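*Asks:* Sharing work.cif here; it has mmCIF, C-alpha atoms and all ligand atoms.
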```
data_final
loop_
_atom_site.group_PDB
_atom_site.id
_atom_site.type_symbol
_atom_site.label_atom_id
_atom_site.label_comp_id
_atom_site.auth_asym_id
_atom_site.auth_seq_id
_atom_site.Cartn_x
_atom_site.Cartn_y
_atom_site.Cartn_z
ATOM 1 C CA MET A 1 0.000 0.000 0.000
ATOM 2 C CA LYS A 2 1.513 3.273 -1.125
ATOM 3 C CA LEU A 3 0.874 6.323 1.016
ATOM 4 C CA GLU A 4 0.509 8.522 -2.091
ATOM 5 C CA GLU A 5 -2.568 6.596 -3.108
ATOM 6 C CA LEU A 6 -4.393 7.341 0.109
ATOM 7 C CA SER A 7 -6.828 10.139 0.779
ATOM 8 C CA THR A 8 -5.818 12.802 3.289
ATOM 9 C CA GLU A 9 -8.082 11.212 5.846
ATOM 10 C CA ARG A 10 -6.552 7.793 5.334
ATOM 11 C CA LEU A 11 -3.113 9.357 5.332
ATOM 12 C CA ILE A 12 -3.734 10.898 8.761
ATOM 13 C CA LYS A 13 -5.032 7.586 10.054
ATOM 14 C CA GLU A 14 -2.038 5.818 8.584
ATOM 15 C CA LYS A 15 0.323 8.287 10.218
ATOM 16 C CA ARG A 16 -1.406 7.794 13.575
ATOM 17 C CA ARG A 17 -1.034 4.046 13.158
ATOM 18 C CA ILE A 18 2.660 4.421 12.420
ATOM 19 C CA ASP A 19 3.105 6.799 15.357
ATOM 20 C CA ALA A 20 1.361 4.318 17.649
ATOM 21 C CA GLU A 21 3.589 1.592 16.235
ATOM 22 C CA LEU A 22 6.676 3.663 16.951
ATOM 23 C CA LEU A 23 5.434 4.446 20.441
ATOM 24 C CA LYS A 24 4.896 0.760 21.083
ATOM 25 C CA ARG A 25 8.398 0.072 19.821
ATOM 26 C CA GLY A 26 9.711 2.850 22.071
ATOM 27 C CA GLU A 27 8.304 1.091 25.083
ATOM 28 C CA VAL A 28 10.265 -2.019 24.369
ATOM 29 C CA MET A 29 13.408 -0.203 23.262
ATOM 30 C CA THR A 30 16.384 -1.392 25.195
ATOM 31 C CA PHE A 31 18.541 1.179 26.941
ATOM 32 C CA GLU A 32 21.295 0.604 24.376
ATOM 33 C CA GLU A 33 18.861 1.282 21.534
ATOM 34 C CA LEU A 34 17.513 4.352 23.308
ATOM 35 C CA LYS A 35 21.045 5.643 23.803
ATOM 36 C CA ALA A 36 21.902 5.055 20.137
ATOM 37 C CA GLU A 37 18.706 6.815 19.044
ATOM 38 C CA ALA A 38 19.292 9.725 21.426
ATOM 39 C CA ASN A 39 22.859 10.073 20.163
ATOM 40 C CA ARG A 40 21.588 10.064 16.601
ATOM 41 C CA GLN A 41 19.197 12.883 17.498
ATOM 42 C CA GLY A 42 21.995 14.817 19.172
ATOM 43 C CA TYR A 43 21.196 14.151 22.820
ATOM 44 C CA ASN A 44 23.711 12.843 25.231
ATOM 45 C CA LEU A 45 22.042 10.656 27.813
ATOM 46 C CA VAL A 46 25.209 9.572 29.497
ATOM 47 C CA LYS A 47 27.107 12.194 31.364
ATOM 48 C CA LYS A 48 30.616 12.305 30.047
ATOM 49 C CA TYR A 49 33.227 11.746 32.713
ATOM 50 C CA GLN A 50 34.684 15.037 33.838
ATOM 51 C CA PRO A 51 37.575 15.183 36.257
ATOM 52 C CA MET A 52 37.114 17.375 39.329
ATOM 53 C CA PRO A 53 38.496 20.853 38.726
ATOM 54 C CA LYS A 54 41.938 21.253 40.294
ATOM 55 C CA LEU A 55 41.879 23.870 43.036
ATOM 56 C CA LYS A 56 43.798 27.055 42.512
ATOM 57 C CA ARG A 57 45.993 28.212 45.354
ATOM 58 C CA CYS A 58 44.834 30.804 47.847
ATOM 59 C CA PRO A 59 45.100 34.212 46.160
ATOM 60 C CA ILE A 60 46.154 35.862 49.433
ATOM 61 C CA CYS A 61 48.904 33.637 50.844
ATOM 62 C CA GLY A 62 49.494 31.126 48.049
ATOM 63 C CA SER A 63 48.704 28.122 50.231
ATOM 64 C CA LEU A 64 46.868 25.071 49.025
ATOM 65 C CA ALA A 65 43.103 25.059 49.361
ATOM 66 C CA TYR A 66 40.863 22.233 50.479
ATOM 67 C CA VAL A 67 37.200 21.267 50.203
ATOM 68 C CA ARG A 68 34.957 21.341 53.275
ATOM 69 C CA TYR A 69 32.222 18.722 53.021
ATOM 70 C CA GLY A 70 28.808 18.643 54.651
ATOM 71 C CA ASP A 71 25.340 19.989 53.985
ATOM 72 C CA ILE A 72 27.226 23.017 52.784
ATOM 73 C CA PHE A 73 30.290 22.613 50.617
ATOM 74 C CA TYR A 74 32.960 25.215 50.232
ATOM 75 C CA VAL A 75 36.635 25.558 49.522
ATOM 76 C CA ALA A 76 38.934 27.244 52.006
ATOM 77 C CA CYS A 77 42.565 28.211 52.251
ATOM 78 C CA LYS A 78 44.550 25.749 54.408
ATOM 79 C CA LYS A 79 45.946 28.657 56.403
ATOM 80 C CA GLY A 80 42.470 30.004 56.943
ATOM 81 C CA CYS A 81 42.657 33.367 55.232
ATOM 82 C CA LEU A 82 39.861 32.853 52.757
ATOM 83 C CA ILE A 83 36.658 30.902 52.303
ATOM 84 C CA GLY A 84 35.092 30.376 48.897
ATOM 85 C CA PRO A 85 31.415 30.667 47.979
ATOM 86 C CA LYS A 86 29.203 28.212 49.838
ATOM 87 C CA VAL A 87 27.220 25.606 47.985
ATOM 88 C CA SER A 88 24.239 24.203 49.809
ATOM 89 C CA ARG A 89 23.334 20.634 48.968
ATOM 90 C CA TYR A 90 19.704 21.183 49.754
ATOM 91 C CA ASN A 91 17.075 23.727 48.909
ATOM 92 C CA LYS A 92 13.277 23.631 48.860
ATOM 93 C CA VAL A 93 13.189 22.147 45.392
ATOM 94 C CA GLN A 94 16.004 19.635 45.149
ATOM 95 C CA SER A 95 19.058 18.106 46.671
ATOM 96 C CA LYS A 96 22.360 17.860 44.882
ATOM 97 C CA SER A 97 24.701 14.936 44.883
ATOM 98 C CA LYS A 98 27.919 15.250 46.854
ATOM 99 C CA LEU A 99 29.963 15.136 43.666
ATOM 100 C CA GLU A 100 27.850 17.847 42.089
ATOM 101 C CA SER A 101 28.151 20.015 45.193
ATOM 102 C CA GLU A 102 31.902 19.503 45.396
ATOM 103 C CA ARG A 103 32.320 20.377 41.736
ATOM 104 C CA GLU A 104 30.275 23.551 42.187
ATOM 105 C CA ALA A 105 32.223 24.582 45.266
ATOM 106 C CA ARG A 106 35.524 23.987 43.444
ATOM 107 C CA GLU A 107 34.388 25.912 40.377
ATOM 108 C CA ALA A 108 33.102 28.788 42.534
ATOM 109 C CA TRP A 109 36.441 28.982 44.379
ATOM 110 C CA ASN A 110 38.476 28.911 41.175
ATOM 111 C CA GLU A 111 36.240 31.537 39.639
ATOM 112 C CA MET A 112 36.678 33.747 42.671
ATOM 113 C CA VAL A 113 40.462 33.352 42.537
ATOM 114 C CA GLU A 114 40.518 34.058 38.791
ATOM 115 C CA LYS A 115 38.456 37.227 39.245
ATOM 116 C CA GLY A 116 40.878 38.358 41.956
ATOM 117 C CA GLU A 117 43.823 37.752 39.630
ATOM 118 C CA LYS A 118 42.468 40.085 36.934
HETATM 119 ZN ZN ZN A 201 45.535 31.742 52.275
#
```
Go ahead and render the structure in this file as structure tokens.

*Replies:*
Amino acid sequence: MKLEELSTERLIKEKRRIDAELLKRGEVMTFEELKAEANRQGYNLVKKYQPMPKLKRCPICGSLAYVRYGDIFYVACKKGCLIGPKVSRYNKVQSKSKLESEREAREAWNEMVEKGEK
């Protein structure tokens, strides 16, 4: 059956049937297939591995900095002269993973140091 031969009405019905068919197929798509399809469409379902940003040294004394963990993450100078922006793991809407919080705290510290350098 060629689609060209169908009336508009039949064509719409045919399209709906195909869409339903695709939807049905989508439900049984394996994760690998879904990933391949998403990649083809330009999505990236799998987070690419990103190393933790390396901490810049304290802009005041030049000491190493370290990450403080907890409900609030932040980076601080080992000698105690400076504390970076605080990243809260929890707010009313969501909670962040520890890795995500650490990354944010590290990025915020580095950004602060970079701004100070300019
Ligand atoms: Zn310092």

*Asks:* Could you list, as a ChimeraX atom specification, all protein and nucleic acid residues with an atom at most 6 Å from ligand ZN 201 (chain A), counting all atoms listed in the file?

*Replies:* /A:58,60-63,77,79-82

*Asks:* So, with only C-alpha atoms as the atoms that count, which of A:Lys54, A:Ala65, A:Gly84, A:Lys35 lies closest to Met112 of chain A?

*Replies:*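 Ranked by minimum distance to Met112 of chain A, first place goes to A:Gly84.
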
*Asks:* Skipping near chain neighbours, those fewer than 3 positions away, what residues fall within 10 Å of Leu55 of chain A using all atoms listed in the file, listed as an MDAnalysis selection string?

*Replies:* chainID A and resid 52 58 64:67 75 105:107 109:110 113

*Asks:* Determine the residue membership of the PyMOL selection byres (((chain A and resi 99) around 12) and not hetatm) for the file above and supply it as an MDAnalysis selection string.

*Replies:* chainID A and resid 49:53 67 69:70 73 87 89 95:98 100:106

*Asks:* Between atom CA of Glu37 of chain A and atom CA of Leu23 of chain A, what is the distance in Å, rounded to a tenth?

*Replies:*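 Computing it gives 13.6 Å between the two atoms.
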
*Asks:* When you count only C-alpha atoms, which of these residues is closest to Ser88 of chain A: A:Ala36, A:Ala76, A:Arg68, A:Gln41?

*Replies:*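 Using only C-alpha atoms, Ser88 of chain A sits closest to A:Arg68.
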
*Asks:* Which distance in Å separates atom CA of Gln94 of chain A and atom CA of Glu111 of chain A, to one decimal?

*Replies:*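 Value for the atom CA of Gln94 of chain A-atom CA of Glu111 of chain A distance: 24.1 Å.
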
*Asks:* One decimal, in Å: what's the spacing between atom CA of Glu33 of chain A and atom CA of Arg17 of chain A?

*Replies:*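 Separation between atom CA of Glu33 of chain A and atom CA of Arg17 of chain A: 21.8 Å.
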
*Asks:* Mind giving me the axis-aligned box for segment 72-84 of chain A with 5 Å on every side, centre plus edges in Å to one decimal, as JSON?

*Replies:*
```
{"center_x": 36.6, "center_y": 28.0, "center_z": 52.9, "size_x": 28.7, "size_y": 20.8, "size_z": 18.0}
```

*Asks:* So which one's closest to Lys115 of chain A, A:Lys56, A:Glu14, A:Glu21, A:Ser7? Using all atoms listed in the file, please.

*Replies:*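 The shortest atom-to-atom distance to Lys115 of chain A comes from A:Lys56.
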